Each structure stands twice: as structure tokens, then as C-alpha cells.
file upload38.cif (mmCIF, C-alpha atoms)
data_my_file
loop_
_atom_site.label_atom_id
_atom_site.label_comp_id
_atom_site.auth_asym_id
_atom_site.auth_seq_id
_atom_site.Cartn_x
_atom_site.Cartn_y
_atom_site.Cartn_z
CA GLU A 20 -36.52 -4.62 -47.10
CA ASP A 21 -34.62 -3.21 -44.10
CA TYR A 22 -33.57 -0.25 -46.21
CA LYS A 23 -37.19 0.44 -47.24
CA ARG A 24 -38.49 0.21 -43.69
CA LEU A 25 -35.74 2.47 -42.34
CA ARG A 26 -36.35 5.06 -45.03
CA ALA A 27 -40.09 5.03 -44.36
CA ALA A 28 -39.63 5.21 -40.60
CA HIS A 29 -37.31 8.20 -40.84
CA ARG A 30 -39.31 9.78 -43.72
CA CYS A 31 -36.20 9.91 -45.86
CA VAL A 32 -36.47 11.25 -49.37
CA PRO A 33 -35.60 8.68 -52.02
CA CYS A 34 -31.87 8.53 -52.57
CA HIS A 35 -30.24 6.71 -55.42
CA SER A 36 -26.78 6.89 -53.85
CA ALA A 37 -25.34 3.41 -53.46
CA GLN A 38 -23.34 4.62 -50.47
CA MET A 39 -26.49 5.92 -48.73
CA ARG A 40 -28.35 2.65 -49.34
CA LEU A 41 -25.39 0.68 -47.98
CA THR A 42 -25.16 2.90 -44.88
CA LEU A 43 -28.86 2.49 -44.09
CA ALA A 44 -28.67 -1.26 -44.62
CA LEU A 45 -25.68 -1.54 -42.29
CA LEU A 46 -27.49 0.47 -39.62
CA ALA A 47 -30.48 -1.84 -39.85
CA CYS A 48 -28.33 -4.95 -39.62
CA SER A 49 -26.40 -3.52 -36.68
CA ALA A 50 -29.61 -2.72 -34.79
CA ALA A 51 -30.96 -6.21 -35.43
CA ALA A 52 -27.73 -7.85 -34.28
CA ALA A 53 -27.67 -5.74 -31.10
CA ALA A 54 -31.24 -6.79 -30.29
CA GLU A 55 -30.32 -10.45 -30.71
CA ARG A 56 -27.32 -10.05 -28.34
CA ALA A 57 -29.35 -8.32 -25.62
CA CYS A 58 -29.36 -10.30 -22.37
CA GLU A 59 -30.91 -9.98 -18.96
CA ALA A 60 -29.04 -8.05 -16.28
CA LEU A 61 -26.71 -10.31 -14.32
CA PRO A 62 -27.11 -10.59 -10.55
CA PRO A 63 -24.47 -8.77 -8.45
CA LEU A 64 -21.23 -10.61 -7.76
CA THR A 65 -21.34 -12.07 -4.27
CA THR A 66 -18.85 -13.91 -2.12
CA THR A 67 -18.54 -15.58 1.27
CA ARG A 68 -14.80 -14.83 1.39
CA THR A 69 -13.73 -13.16 4.63
CA LYS A 70 -13.53 -9.43 3.96
CA PRO A 71 -11.00 -7.04 5.50
CA SER A 72 -11.95 -4.50 8.15
CA VAL A 73 -9.90 -1.30 8.34
CA ASP A 74 -10.71 1.55 10.69
CA GLY A 75 -9.73 4.87 9.19
CA GLY A 76 -12.54 6.74 10.88
CA SER A 77 -11.60 6.86 14.56
CA ASN A 78 -8.32 8.71 14.13
CA LEU A 79 -6.50 11.14 11.84
CA PHE A 80 -2.84 10.62 10.96
CA ILE A 81 -1.28 14.03 11.45
CA GLY A 82 2.08 15.07 12.87
CA GLY A 83 3.27 11.48 13.21
CA ALA A 84 0.44 10.51 15.57
CA ARG A 85 -3.07 9.11 15.50
CA LYS A 86 -5.32 11.94 16.63
CA PRO A 87 -8.84 11.01 17.82
CA TRP A 88 -11.56 12.07 15.37
CA ASP A 89 -15.20 12.54 16.35
CA GLY A 90 -16.32 14.25 13.15
CA ARG A 91 -18.06 12.85 10.10
CA VAL A 92 -17.18 9.32 9.01
CA ALA A 93 -18.09 7.39 5.86
CA GLU A 94 -18.38 3.66 5.36
CA VAL A 95 -16.03 2.25 2.75
CA THR A 96 -17.76 -0.35 0.60
CA SER A 97 -16.67 -2.79 -2.05
CA PRO A 98 -18.10 -3.32 -5.55
CA VAL A 99 -18.50 -6.94 -4.38
CA PHE A 100 -21.69 -7.85 -2.53
CA ASP A 101 -21.65 -9.69 0.78
CA GLU A 102 -23.67 -12.88 0.35
CA ALA A 103 -24.69 -12.79 4.02
CA THR A 104 -26.30 -9.34 3.77
CA GLY A 105 -27.12 -9.00 0.08
CA ALA A 106 -25.53 -5.54 0.15
CA LYS A 107 -22.14 -4.18 -0.84
CA ALA A 108 -19.50 -5.49 1.54
CA VAL A 109 -18.44 -2.91 4.14
CA LEU A 110 -14.64 -2.87 4.39
CA GLY A 111 -14.13 -0.16 7.00
CA ARG A 112 -14.55 3.52 7.73
CA LEU A 113 -12.80 6.70 6.65
CA ALA A 114 -12.75 10.10 8.32
CA GLN A 115 -14.44 12.83 6.30
CA MET A 116 -12.27 15.77 7.28
CA ASP A 117 -13.41 19.35 6.94
CA ALA A 118 -11.39 22.44 6.02
CA THR A 119 -10.25 23.03 9.59
CA ALA A 120 -8.99 19.48 10.07
CA ALA A 121 -7.19 19.58 6.71
CA SER A 122 -5.37 22.72 7.81
CA TRP A 123 -4.01 20.77 10.78
CA ALA A 124 -2.21 18.47 8.34
CA ALA A 125 -0.71 21.49 6.55
CA ASP A 126 0.41 22.97 9.87
CA ALA A 127 2.07 19.70 10.88
CA ALA A 128 3.94 19.43 7.56
CA SER A 129 5.01 23.07 7.83
CA GLU A 130 6.31 22.46 11.33
CA ALA A 131 8.31 19.46 10.11
CA TRP A 132 9.71 21.64 7.30
CA ASP A 133 10.52 24.58 9.62
CA ARG A 134 11.71 26.72 6.71
CA GLY A 135 14.15 24.00 5.73
CA GLN A 136 15.61 23.65 9.22
CA GLY A 137 13.54 20.68 10.39
CA PRO A 138 15.17 17.33 11.24
CA TRP A 139 14.06 15.69 7.98
CA PRO A 140 15.23 18.35 5.49
CA GLN A 141 18.44 18.76 7.51
CA ALA A 142 19.20 15.02 7.55
CA SER A 143 21.80 13.76 5.10
CA LEU A 144 20.74 11.92 1.97
CA LYS A 145 22.15 8.70 3.42
CA GLU A 146 20.13 9.14 6.61
CA ARG A 147 16.90 9.73 4.71
CA ALA A 148 17.64 6.78 2.41
CA ALA A 149 18.17 4.52 5.43
CA ALA A 150 14.85 5.63 6.97
CA ILE A 151 12.92 5.05 3.74
CA ARG A 152 14.50 1.63 3.29
CA ALA A 153 13.49 0.74 6.85
CA PHE A 154 9.93 1.89 6.08
CA LEU A 155 9.77 -0.27 2.95
CA ASP A 156 11.16 -3.27 4.85
CA GLU A 157 8.56 -2.80 7.59
CA LEU A 158 5.76 -2.46 5.05
CA GLU A 159 6.77 -5.66 3.24
CA LYS A 160 7.22 -7.59 6.45
CA THR A 161 4.07 -6.57 8.29
CA LYS A 162 1.45 -5.21 5.85
CA ARG A 163 2.00 -6.69 2.38
CA ASP A 164 -0.76 -9.30 2.50
CA GLU A 165 -3.27 -6.94 4.12
CA ILE A 166 -2.69 -4.18 1.58
CA ILE A 167 -3.02 -6.62 -1.32
CA GLU A 168 -6.29 -7.94 0.10
CA VAL A 169 -7.69 -4.42 0.58
CA LEU A 170 -6.75 -3.44 -2.98
CA MET A 171 -8.64 -6.51 -4.23
CA TRP A 172 -11.78 -5.71 -2.25
CA GLU A 173 -11.95 -1.93 -2.51
CA ILE A 174 -11.08 -1.54 -6.21
CA ALA A 175 -12.04 -5.01 -7.45
CA LYS A 176 -8.52 -5.84 -8.60
CA THR A 177 -7.56 -9.45 -9.22
CA LYS A 178 -5.09 -10.88 -6.74
CA GLN A 179 -2.44 -10.86 -9.45
CA ASP A 180 -3.00 -7.16 -10.22
CA ALA A 181 -3.13 -6.16 -6.55
CA THR A 182 0.07 -8.08 -5.84
CA LYS A 183 1.78 -6.46 -8.81
CA GLU A 184 0.78 -3.01 -7.62
CA PHE A 185 2.27 -3.53 -4.17
CA ASP A 186 5.46 -5.28 -5.30
CA ARG A 187 6.06 -2.87 -8.18
CA THR A 188 5.58 0.11 -5.87
CA VAL A 189 8.11 -1.15 -3.36
CA ALA A 190 10.57 -2.07 -6.12
CA PHE A 191 10.23 1.41 -7.64
CA ALA A 192 10.84 3.07 -4.28
CA ARG A 193 13.99 1.02 -3.72
CA THR A 194 15.24 1.95 -7.18
CA VAL A 195 14.65 5.64 -6.45
CA VAL A 196 16.76 5.34 -3.29
CA ASP A 197 19.54 3.46 -5.07
CA GLN A 198 19.69 5.96 -7.93
CA ALA A 199 19.64 8.98 -5.62
CA LEU A 200 22.64 7.69 -3.71
CA GLN A 201 24.59 7.59 -6.99
CA THR A 202 23.81 11.14 -8.12
CA ASP A 203 27.08 12.61 -6.86
CA ALA A 204 28.94 10.26 -9.17
CA THR A 205 26.59 10.33 -12.17
CA GLU A 206 25.32 13.93 -12.44
CA GLN A 207 27.25 16.79 -13.98
CA PHE A 208 29.03 18.76 -11.25
CA GLY A 209 27.94 16.19 -8.68
CA ARG A 210 31.54 16.11 -7.46
CA TRP A 211 33.77 19.01 -6.56
CA THR A 212 34.76 20.66 -9.81
CA GLY A 213 37.18 23.52 -10.46
CA VAL A 214 36.27 26.12 -13.09
CA SER A 215 38.31 29.34 -13.56
CA GLY A 216 39.74 29.12 -10.10
CA VAL A 217 36.39 28.39 -8.43
CA ARG A 218 35.61 25.01 -6.88
CA ALA A 219 31.94 24.03 -6.54
CA ARG A 220 29.48 21.17 -6.62
CA VAL A 221 25.74 20.94 -7.34
CA ARG A 222 23.52 18.86 -5.09
CA ARG A 223 19.77 18.25 -5.04
CA GLY A 224 17.80 19.71 -2.15
CA PRO A 225 14.22 19.93 -0.82
CA VAL A 226 11.63 22.43 -2.01
CA GLY A 227 9.30 22.45 1.00
CA VAL A 228 5.84 21.23 1.97
CA THR A 229 4.40 19.10 -0.83
CA LEU A 230 0.71 18.29 -1.34
CA MET A 231 0.00 15.13 -3.35
CA LEU A 232 -3.16 13.67 -4.89
CA ALA A 233 -3.36 10.31 -6.64
CA PRO A 234 -6.19 8.51 -8.51
CA TYR A 235 -8.23 5.55 -7.35
CA ASN A 236 -7.15 2.99 -9.95
CA TYR A 237 -3.55 2.76 -8.69
CA PRO A 238 -3.86 4.43 -5.28
CA LEU A 239 -0.61 3.08 -3.85
CA ASN A 240 1.60 3.05 -6.93
CA GLU A 241 0.74 6.48 -8.30
CA MET A 242 0.98 8.15 -4.90
CA TYR A 243 4.34 6.59 -4.11
CA ALA A 244 5.66 7.47 -7.57
CA MET A 245 5.37 11.11 -6.44
CA MET A 246 5.94 10.68 -2.71
CA MET A 247 9.16 8.67 -2.65
CA PRO A 248 11.37 11.10 -4.64
CA ALA A 249 9.93 14.01 -2.65
CA LEU A 250 10.54 12.33 0.71
CA LEU A 251 14.02 11.25 -0.26
CA MET A 252 15.00 14.84 -1.04
CA GLY A 253 13.77 16.01 2.37
CA ASN A 254 10.28 17.35 1.62
CA PRO A 255 7.49 16.79 4.18
CA VAL A 256 4.32 15.66 2.40
CA ILE A 257 0.55 15.91 2.77
CA LEU A 258 -1.24 13.00 1.12
CA LYS A 259 -4.83 13.60 0.03
CA LEU A 260 -6.11 10.03 0.10
CA PRO A 261 -8.26 9.04 -2.90
CA ALA A 262 -11.97 8.57 -2.26
CA ILE A 263 -11.59 4.98 -3.46
CA GLY A 264 -8.40 3.18 -2.48
CA ALA A 265 -7.73 5.06 0.75
CA LEU A 266 -7.73 2.03 3.04
CA ALA A 267 -4.45 0.77 1.58
CA HIS A 268 -2.82 3.97 2.86
CA VAL A 269 -4.45 3.65 6.29
CA LEU A 270 -2.63 0.33 6.63
CA THR A 271 0.75 2.06 6.20
CA ILE A 272 0.39 4.28 9.29
CA ASP A 273 2.18 1.94 11.74
CA ALA A 274 5.23 1.66 9.47
CA LEU A 275 5.29 5.43 8.89
CA GLN A 276 5.16 6.09 12.63
CA LYS A 277 7.94 3.62 13.32
CA CYS A 278 10.40 4.70 10.63
CA LEU A 279 9.92 8.40 9.80
CA PRO A 280 10.07 11.56 11.94
CA LYS A 281 6.78 13.09 13.05
CA GLY A 282 5.05 15.37 10.58
CA VAL A 283 7.00 14.13 7.56
CA VAL A 284 3.90 12.33 6.20
CA ASN A 285 0.36 13.54 6.96
CA PHE A 286 -3.01 12.30 5.67
CA VAL A 287 -6.06 14.24 4.51
CA SER A 288 -9.24 12.27 3.77
CA GLY A 289 -12.72 13.21 2.69
CA SER A 290 -13.98 15.52 -0.04
CA GLY A 291 -11.20 17.21 -1.96
CA ARG A 292 -13.43 20.17 -2.75
CA GLU A 293 -14.08 20.68 0.95
CA THR A 294 -10.59 20.06 2.33
CA LEU A 295 -8.05 21.27 -0.21
CA PRO A 296 -8.99 24.90 -0.91
CA SER A 297 -8.12 25.83 2.68
CA VAL A 298 -4.82 23.96 2.43
CA MET A 299 -3.85 25.69 -0.80
CA GLN A 300 -5.06 29.12 0.31
CA GLY A 301 -3.16 28.85 3.59
CA GLY A 302 0.10 29.56 1.80
CA LEU A 303 2.03 26.68 3.37
CA VAL A 304 2.22 24.44 0.29
CA ASP A 305 5.39 24.89 -1.78
CA CYS A 306 4.86 22.12 -4.33
CA LEU A 307 1.82 20.30 -5.74
CA GLY A 308 1.84 16.77 -7.12
CA PHE A 309 -1.43 15.96 -8.87
CA ILE A 310 -2.60 13.08 -11.03
CA GLY A 311 -6.09 13.70 -12.37
CA GLY A 312 -8.15 15.87 -14.68
CA ALA A 313 -7.38 19.37 -15.92
CA LYS A 314 -10.45 20.85 -14.23
CA GLY A 315 -9.36 19.66 -10.79
CA ALA A 316 -5.80 20.79 -11.37
CA ASP A 317 -6.92 24.26 -12.42
CA ALA A 318 -9.14 24.57 -9.36
CA LEU A 319 -6.26 23.70 -7.06
#
call {"tool": "encode", "arguments": {"input": "upload38.cif", "output": "C-alpha cells"}}
result
Amino acid sequence: EDYKRLRAAHRCVPCHSAQMRLTLALLACSAAAAAERACEALPPLTTTRTKPSVDGGSNLFIGGARKPWDGRVAEVTSPVFDEATGAKAVLGRLAQMDATAASWAADAASEAWDRGQGPWPQASLKERAAAIRAFLDELEKTKRDEIIEVLMWEIAKTKQDATKEFDRTVAFARTVVDQALQTDATEQFGRWTGVSGVRARVRRGPVGVTLMLAPYNYPLNEMYAMMMPALLMGNPVILKLPAIGALAHVLTIDALQKCLPKGVVNFVSGSGRETLPSVMQGGLVDCLGFIGGAKGADAL
């Protein structure tokens, strides 16, 4: 009967193919089953849990300092609704930088690089490793719980997933440091080697100012997967904070200020289409780290 009704409804010509009859019958059954499973829209998820409040809108983090910002600011909201207001929970604010402000971040990173003669690129590998370890220690000691809570609220991660992201990120960064300190012993020509009367060694070095963009689903982990090796080798970095997941990075500013030289890490927030063309066209970026779609990568 379903087959007959479907054929009449779609004005199909009679078909004696068993496969065609079976296909139409399956379509009819599938449509009927879907209709039976249809349910009313669920109300939004609400909670009375105390939400975080992070201010990333009053200042920019550029050149190792918090610079007052009186430009555009956007509220950062959660997918979770606040039971008290009936609206999406507001978690904080984020500066919406323009092209001019983004160029300040590039200038600060370039100054820290100083054509490879800045304090950070000129520091020894052991000195940079010690500074990064101190940063990771400070982050774990002072901001771990806050960052985990923000990841839960802003991206709707479970506590287990948010905790894993933070702990795995820190563990990865420590492994990068440990492995880098062993490169002289483990890499070919890492030690002084004599060949045909010539003694030489090969060591890793910095490339220059590095611009990095990471996605929203793992905003801390994916960014640090690029940032930590780059920092360790002596590259100043510009971090374009993701539109969703930026507040976790705002919470790292105190530790960055305390442990790393000024200008080594700089933040850009706001629309990527508005901020990044000026950064890329300025000619100060030597390396691009990008996790995202092909269209965005091609545009950059």
C-alpha cells in the first residue's frame, strides 16, 4: 500500500523492477518511522551554577603589558542559559580589535625579534626552557581551575573534557621542553663532528615573528601545540584568539607577564577578516601557524 501511494504521489510510471519496489517501500517506512520519532523542541539548558566572569575587553595584551582599550567590545556568552535571566549566560567581554590595533601586536613581536638580536631569540635554549617551565608552573598553580571552568562554560565541555584539555596541554608542553633539551645528543650532527678535516655541528634556531590561529573546539591545546615549539626555539608569537574559546587565553596573561620577556607573546582578538590582512600585508610575519579551513588559509 505504501508503495502504491508513493508511486501515485510522485506520478511514477509503473515499474516491475523488484529493486525499485523495495527502494520505494523502504523510503515510505523510513518516513513513517521518522514521523513517529518526532518530538517537541526541548527547552534550553539552564543552570544556577555560579558562572565565571573574565574581562578581556578593557585591555589589550601587547608588548608584555595590558594596554587600555576603549574601542569596540563584544560580550562573550555561553551555550548554557542563565536561569536567573532566561538568556545565555554572559561570561565576560572581549576586545574587538581593528586593523590598526592588530598592527600594534605585529610591531611588538617584531621589536622583540629585532632581526634575531632580541633578548628572547638570543637567549640560550636552557634559558628559554627554564622560562617556559616557570610559565607552566605558574599556570598550573594559579589558573588551572579557572581555565577549566571557562572551557566548560564557553564551549560547553564536560568537566572531564575541560580538565583533560588543560592537563594534556601542559603535559605536552613539558614534553616538548624535555625533548628539545636532548636534541644535541639525539639528532644527527647535534654534537661536534669532524668530516674531511672540518668540524661542525647543526643546531635548531628561530625563524622570526610567528602568527598563529587555532580553532574553537580545542582553543588551548591546539594553540599551544603550535606555540610551545615556536617559543622554545626563540620565535616571538602573535596569537589570534579564536572567536569562541578566547577567555581561556585571557586568563594566561598574568603568567605570561611574570615569566616571559615583553613582546614575546601578543594577543589579537576580534574578527580575523578585519584584523589579519593588515598583519600579513605588513611584511613582519615570517611564519604562519594555522589550524582551520582551506579557504581561510588561502586568504591569509
call {"tool": "closest_atom_pairs", "arguments": {"input": "upload38.cif", "of": "segment 169-285 of chain A", "to": "segment 66-89 of chain A", "cutoff": "10 Å", "atoms": "all atoms listed in the file", "output": "CSV"}}
result
residue,atom,partner,partner_atom,distance
A:Val169,CA,A:Pro71,CA,6.5
A:Met171,CA,A:Lys70,CA,10.0
A:Trp172,CA,A:Lys70,CA,7.4
A:Glu173,CA,A:Pro71,CA,9.5
A:Ile257,CA,A:Ile81,CA,9.1
A:Ala265,CA,A:Gly75,CA,8.7
A:Leu266,CA,A:Val73,CA,6.6
A:Ala267,CA,A:Val73,CA,8.9
A:His268,CA,A:Gly75,CA,9.4
A:Val269,CA,A:Gly75,CA,6.1
A:Leu270,CA,A:Val73,CA,7.6
A:Ile272,CA,A:Phe80,CA,7.3
A:Asp273,CA,A:Ala84,CA,9.5
A:Leu275,CA,A:Gly83,CA,7.7
A:Gln276,CA,A:Gly83,CA,5.7
A:Lys277,CA,A:Gly83,CA,9.1
A:Leu279,CA,A:Gly83,CA,8.1
A:Pro280,CA,A:Gly83,CA,6.9
A:Lys281,CA,A:Gly83,CA,3.9
A:Gly282,CA,A:Gly82,CA,3.8
A:Val283,CA,A:Gly83,CA,7.3
A:Val284,CA,A:Gly83,CA,7.1
A:Asn285,CA,A:Ile81,CA,4.8
call {"tool": "write_last_selection", "arguments": {"input": "upload38.cif", "atoms": "C-alpha atoms", "output": "PDB file, in the frame of the given file"}}
result
ATOM      1  CA  VAL A 169      -7.690  -4.420   0.580  1.00  0.00           C
ATOM      2  CA  MET A 171      -8.640  -6.510  -4.230  1.00  0.00           C
ATOM      3  CA  TRP A 172     -11.780  -5.710  -2.250  1.00  0.00           C
ATOM      4  CA  GLU A 173     -11.950  -1.930  -2.510  1.00  0.00           C
ATOM      5  CA  ILE A 257       0.550  15.910   2.770  1.00  0.00           C
ATOM      6  CA  ALA A 265      -7.730   5.060   0.750  1.00  0.00           C
ATOM      7  CA  LEU A 266      -7.730   2.030   3.040  1.00  0.00           C
ATOM      8  CA  ALA A 267      -4.450   0.770   1.580  1.00  0.00           C
ATOM      9  CA  HIS A 268      -2.820   3.970   2.860  1.00  0.00           C
ATOM     10  CA  VAL A 269      -4.450   3.650   6.290  1.00  0.00           C
ATOM     11  CA  LEU A 270      -2.630   0.330   6.630  1.00  0.00           C
ATOM     12  CA  ILE A 272       0.390   4.280   9.290  1.00  0.00           C
ATOM     13  CA  ASP A 273       2.180   1.940  11.740  1.00  0.00           C
ATOM     14  CA  LEU A 275       5.290   5.430   8.890  1.00  0.00           C
ATOM     15  CA  GLN A 276       5.160   6.090  12.630  1.00  0.00           C
ATOM     16  CA  LYS A 277       7.940   3.620  13.320  1.00  0.00           C
ATOM     17  CA  LEU A 279       9.920   8.400   9.800  1.00  0.00           C
ATOM     18  CA  PRO A 280      10.070  11.560  11.940  1.00  0.00           C
ATOM     19  CA  LYS A 281       6.780  13.090  13.050  1.00  0.00           C
ATOM     20  CA  GLY A 282       5.050  15.370  10.580  1.00  0.00           C
ATOM     21  CA  VAL A 283       7.000  14.130   7.560  1.00  0.00           C
ATOM     22  CA  VAL A 284       3.900  12.330   6.200  1.00  0.00           C
ATOM     23  CA  ASN A 285       0.360  13.540   6.960  1.00  0.00           C
TER      24      ASN A 285
END
call {"tool": "residues_around", "arguments": {"input": "upload38.cif", "residues": "Phe154 of chain A", "least_positions_apart": "3", "cutoff": "7 Å", "atoms": "only C-alpha atoms", "output": "list in words"}}
result
Ala150, Ile151, Glu157, Leu158, Ala274, Leu275 and Cys278 of chain A
call {"tool": "atom_distance", "arguments": {"input": "upload38.cif", "atom1": "atom CA of Ala148 of chain A", "atom2": "atom CA of Trp132 of chain A"}}
result
17.5 Å
call {"tool": "closest_atom_pairs", "arguments": {"input": "upload38.cif", "of": "segment 74-185 of chain A", "to": "segment 223-230 of chain A", "cutoff": "9 Å", "atoms": "all atoms listed in the file", "output": "tab-separated table"}}
result
residue	atom	partner	partner_atom	distance
A:Ala125	CA	A:Val228	CA	8.0
A:Ala128	CA	A:Val228	CA	6.2
A:Ser129	CA	A:Val228	CA	6.2
A:Ala131	CA	A:Val228	CA	8.7
A:Trp132	CA	A:Gly227	CA	6.4
A:Asp133	CA	A:Gly227	CA	9.0
A:Arg134	CA	A:Gly227	CA	7.5
A:Gly135	CA	A:Gly227	CA	6.9
A:Pro140	CA	A:Pro225	CA	6.6
call {"tool": "closest_residue", "arguments": {"input": "upload38.cif", "among": "A:Thr271, A:Lys160, A:Asp305, A:Leu170", "to": "Met231 of chain A", "atoms": "only C-alpha atoms"}}
result
A:Asp305
call {"tool": "resolve_selection", "arguments": {"input": "upload38.cif", "expression": "the PyMOL selection byres ((chain A and resi 107) around 10)", "output": "VMD selection string"}}
result
chain A and resid 63 to 65 95 to 102 104 to 106 108 to 110
call {"tool": "write_last_selection", "arguments": {"input": "upload38.cif", "atoms": "C-alpha atoms", "output": "PDB file, in the coordinates of the input"}}
result
ATOM      1  CA  PRO A  63     -24.470  -8.770  -8.450  1.00  0.00           C
ATOM      2  CA  LEU A  64     -21.230 -10.610  -7.760  1.00  0.00           C
ATOM      3  CA  THR A  65     -21.340 -12.070  -4.270  1.00  0.00           C
ATOM      4  CA  VAL A  95     -16.030   2.250   2.750  1.00  0.00           C
ATOM      5  CA  THR A  96     -17.760  -0.350   0.600  1.00  0.00           C
ATOM      6  CA  SER A  97     -16.670  -2.790  -2.050  1.00  0.00           C
ATOM      7  CA  PRO A  98     -18.100  -3.320  -5.550  1.00  0.00           C
ATOM      8  CA  VAL A  99     -18.500  -6.940  -4.380  1.00  0.00           C
ATOM      9  CA  PHE A 100     -21.690  -7.850  -2.530  1.00  0.00           C
ATOM     10  CA  ASP A 101     -21.650  -9.690   0.780  1.00  0.00           C
ATOM     11  CA  GLU A 102     -23.670 -12.880   0.350  1.00  0.00           C
ATOM     12  CA  THR A 104     -26.300  -9.340   3.770  1.00  0.00           C
ATOM     13  CA  GLY A 105     -27.120  -9.000   0.080  1.00  0.00           C
ATOM     14  CA  ALA A 106     -25.530  -5.540   0.150  1.00  0.00           C
ATOM     15  CA  ALA A 108     -19.500  -5.490   1.540  1.00  0.00           C
ATOM     16  CA  VAL A 109     -18.440  -2.910   4.140  1.00  0.00           C
ATOM     17  CA  LEU A 110     -14.640  -2.870   4.390  1.00  0.00           C
TER      18      LEU A 110
END
call {"tool": "atom_distance", "arguments": {"input": "upload38.cif", "atom1": "atom CA of Asp203 of chain A", "atom2": "atom CA of Ala244 of chain A"}}
result
22.0 Å
call {"tool": "decode", "arguments": {"input": "upload38.cif", "residues": "segment 89-107 of chain A", "atoms": "N, CA, C and O atoms", "output": "PDB file, in the first residue's frame"}}
result
ATOM      1  N   ASP A  89      39.669  51.323  24.478  1.00  0.00           N
ATOM      2  CA  ASP A  89      38.362  51.979  24.529  1.00  0.00           C
ATOM      3  C   ASP A  89      37.601  51.806  23.221  1.00  0.00           C
ATOM      4  O   ASP A  89      36.659  52.547  22.929  1.00  0.00           O
ATOM      5  N   GLY A  90      38.006  50.816  22.434  1.00  0.00           N
ATOM      6  CA  GLY A  90      37.324  50.531  21.180  1.00  0.00           C
ATOM      7  C   GLY A  90      36.164  49.571  21.369  1.00  0.00           C
ATOM      8  O   GLY A  90      35.636  49.403  22.475  1.00  0.00           O
ATOM      9  N   ARG A  91      35.776  48.933  20.281  1.00  0.00           N
ATOM     10  CA  ARG A  91      34.622  48.028  20.318  1.00  0.00           C
ATOM     11  C   ARG A  91      34.886  46.824  21.222  1.00  0.00           C
ATOM     12  O   ARG A  91      36.011  46.302  21.271  1.00  0.00           O
ATOM     13  N   VAL A  92      33.843  46.388  21.894  1.00  0.00           N
ATOM     14  CA  VAL A  92      33.917  45.244  22.807  1.00  0.00           C
ATOM     15  C   VAL A  92      32.688  44.370  22.575  1.00  0.00           C
ATOM     16  O   VAL A  92      31.593  44.888  22.314  1.00  0.00           O
ATOM     17  N   ALA A  93      32.872  43.056  22.650  1.00  0.00           N
ATOM     18  CA  ALA A  93      31.750  42.128  22.494  1.00  0.00           C
ATOM     19  C   ALA A  93      31.573  41.311  23.763  1.00  0.00           C
ATOM     20  O   ALA A  93      32.556  40.936  24.420  1.00  0.00           O
ATOM     21  N   GLU A  94      30.312  41.057  24.102  1.00  0.00           N
ATOM     22  CA  GLU A  94      30.036  40.158  25.214  1.00  0.00           C
ATOM     23  C   GLU A  94      30.332  38.717  24.793  1.00  0.00           C
ATOM     24  O   GLU A  94      30.045  38.318  23.660  1.00  0.00           O
ATOM     25  N   VAL A  95      30.891  37.964  25.704  1.00  0.00           N
ATOM     26  CA  VAL A  95      31.136  36.542  25.459  1.00  0.00           C
ATOM     27  C   VAL A  95      30.056  35.760  26.198  1.00  0.00           C
ATOM     28  O   VAL A  95      29.926  35.875  27.423  1.00  0.00           O
ATOM     29  N   THR A  96      29.282  34.984  25.452  1.00  0.00           N
ATOM     30  CA  THR A  96      28.181  34.245  26.060  1.00  0.00           C
ATOM     31  C   THR A  96      28.414  32.744  25.983  1.00  0.00           C
ATOM     32  O   THR A  96      29.232  32.257  25.208  1.00  0.00           O
ATOM     33  N   SER A  97      27.665  32.034  26.788  1.00  0.00           N
ATOM     34  CA  SER A  97      27.753  30.582  26.859  1.00  0.00           C
ATOM     35  C   SER A  97      26.570  29.952  26.123  1.00  0.00           C
ATOM     36  O   SER A  97      25.514  30.566  25.987  1.00  0.00           O
ATOM     37  N   PRO A  98      26.724  28.716  25.644  1.00  0.00           N
ATOM     38  CA  PRO A  98      25.559  27.998  25.114  1.00  0.00           C
ATOM     39  C   PRO A  98      24.543  27.683  26.214  1.00  0.00           C
ATOM     40  O   PRO A  98      23.395  27.372  25.922  1.00  0.00           O
ATOM     41  N   VAL A  99      24.980  27.778  27.466  1.00  0.00           N
ATOM     42  CA  VAL A  99      24.112  27.482  28.609  1.00  0.00           C
ATOM     43  C   VAL A  99      23.355  28.748  29.011  1.00  0.00           C
ATOM     44  O   VAL A  99      23.931  29.839  29.044  1.00  0.00           O
ATOM     45  N   PHE A 100      22.076  28.603  29.301  1.00  0.00           N
ATOM     46  CA  PHE A 100      21.248  29.745  29.685  1.00  0.00           C
ATOM     47  C   PHE A 100      21.299  29.964  31.197  1.00  0.00           C
ATOM     48  O   PHE A 100      21.354  29.013  31.975  1.00  0.00           O
ATOM     49  N   ASP A 101      21.295  31.225  31.567  1.00  0.00           N
ATOM     50  CA  ASP A 101      21.276  31.612  32.975  1.00  0.00           C
ATOM     51  C   ASP A 101      19.828  31.557  33.458  1.00  0.00           C
ATOM     52  O   ASP A 101      18.963  32.245  32.917  1.00  0.00           O
ATOM     53  N   GLU A 102      19.568  30.739  34.454  1.00  0.00           N
ATOM     54  CA  GLU A 102      18.196  30.562  34.934  1.00  0.00           C
ATOM     55  C   GLU A 102      17.627  31.859  35.495  1.00  0.00           C
ATOM     56  O   GLU A 102      16.423  32.118  35.427  1.00  0.00           O
ATOM     57  N   ALA A 103      18.505  32.725  36.008  1.00  0.00           N
ATOM     58  CA  ALA A 103      18.036  33.972  36.613  1.00  0.00           C
ATOM     59  C   ALA A 103      17.536  34.952  35.562  1.00  0.00           C
ATOM     60  O   ALA A 103      16.614  35.734  35.813  1.00  0.00           O
ATOM     61  N   THR A 104      18.135  34.920  34.366  1.00  0.00           N
ATOM     62  CA  THR A 104      17.771  35.886  33.330  1.00  0.00           C
ATOM     63  C   THR A 104      16.985  35.270  32.184  1.00  0.00           C
ATOM     64  O   THR A 104      16.323  35.986  31.426  1.00  0.00           O
ATOM     65  N   GLY A 105      17.072  33.961  32.019  1.00  0.00           N
ATOM     66  CA  GLY A 105      16.416  33.308  30.897  1.00  0.00           C
ATOM     67  C   GLY A 105      17.148  33.504  29.585  1.00  0.00           C
ATOM     68  O   GLY A 105      16.660  33.110  28.523  1.00  0.00           O
ATOM     69  N   ALA A 106      18.333  34.111  29.632  1.00  0.00           N
ATOM     70  CA  ALA A 106      19.141  34.347  28.436  1.00  0.00           C
ATOM     71  C   ALA A 106      20.470  33.607  28.564  1.00  0.00           C
ATOM     72  O   ALA A 106      20.816  33.085  29.635  1.00  0.00           O
ATOM     73  N   LYS A 107      21.207  33.557  27.450  1.00  0.00           N
ATOM     74  CA  LYS A 107      22.514  32.924  27.504  1.00  0.00           C
ATOM     75  C   LYS A 107      23.390  33.606  28.554  1.00  0.00           C
ATOM     76  O   LYS A 107      23.439  34.837  28.625  1.00  0.00           O
TER      77      LYS A 107
END
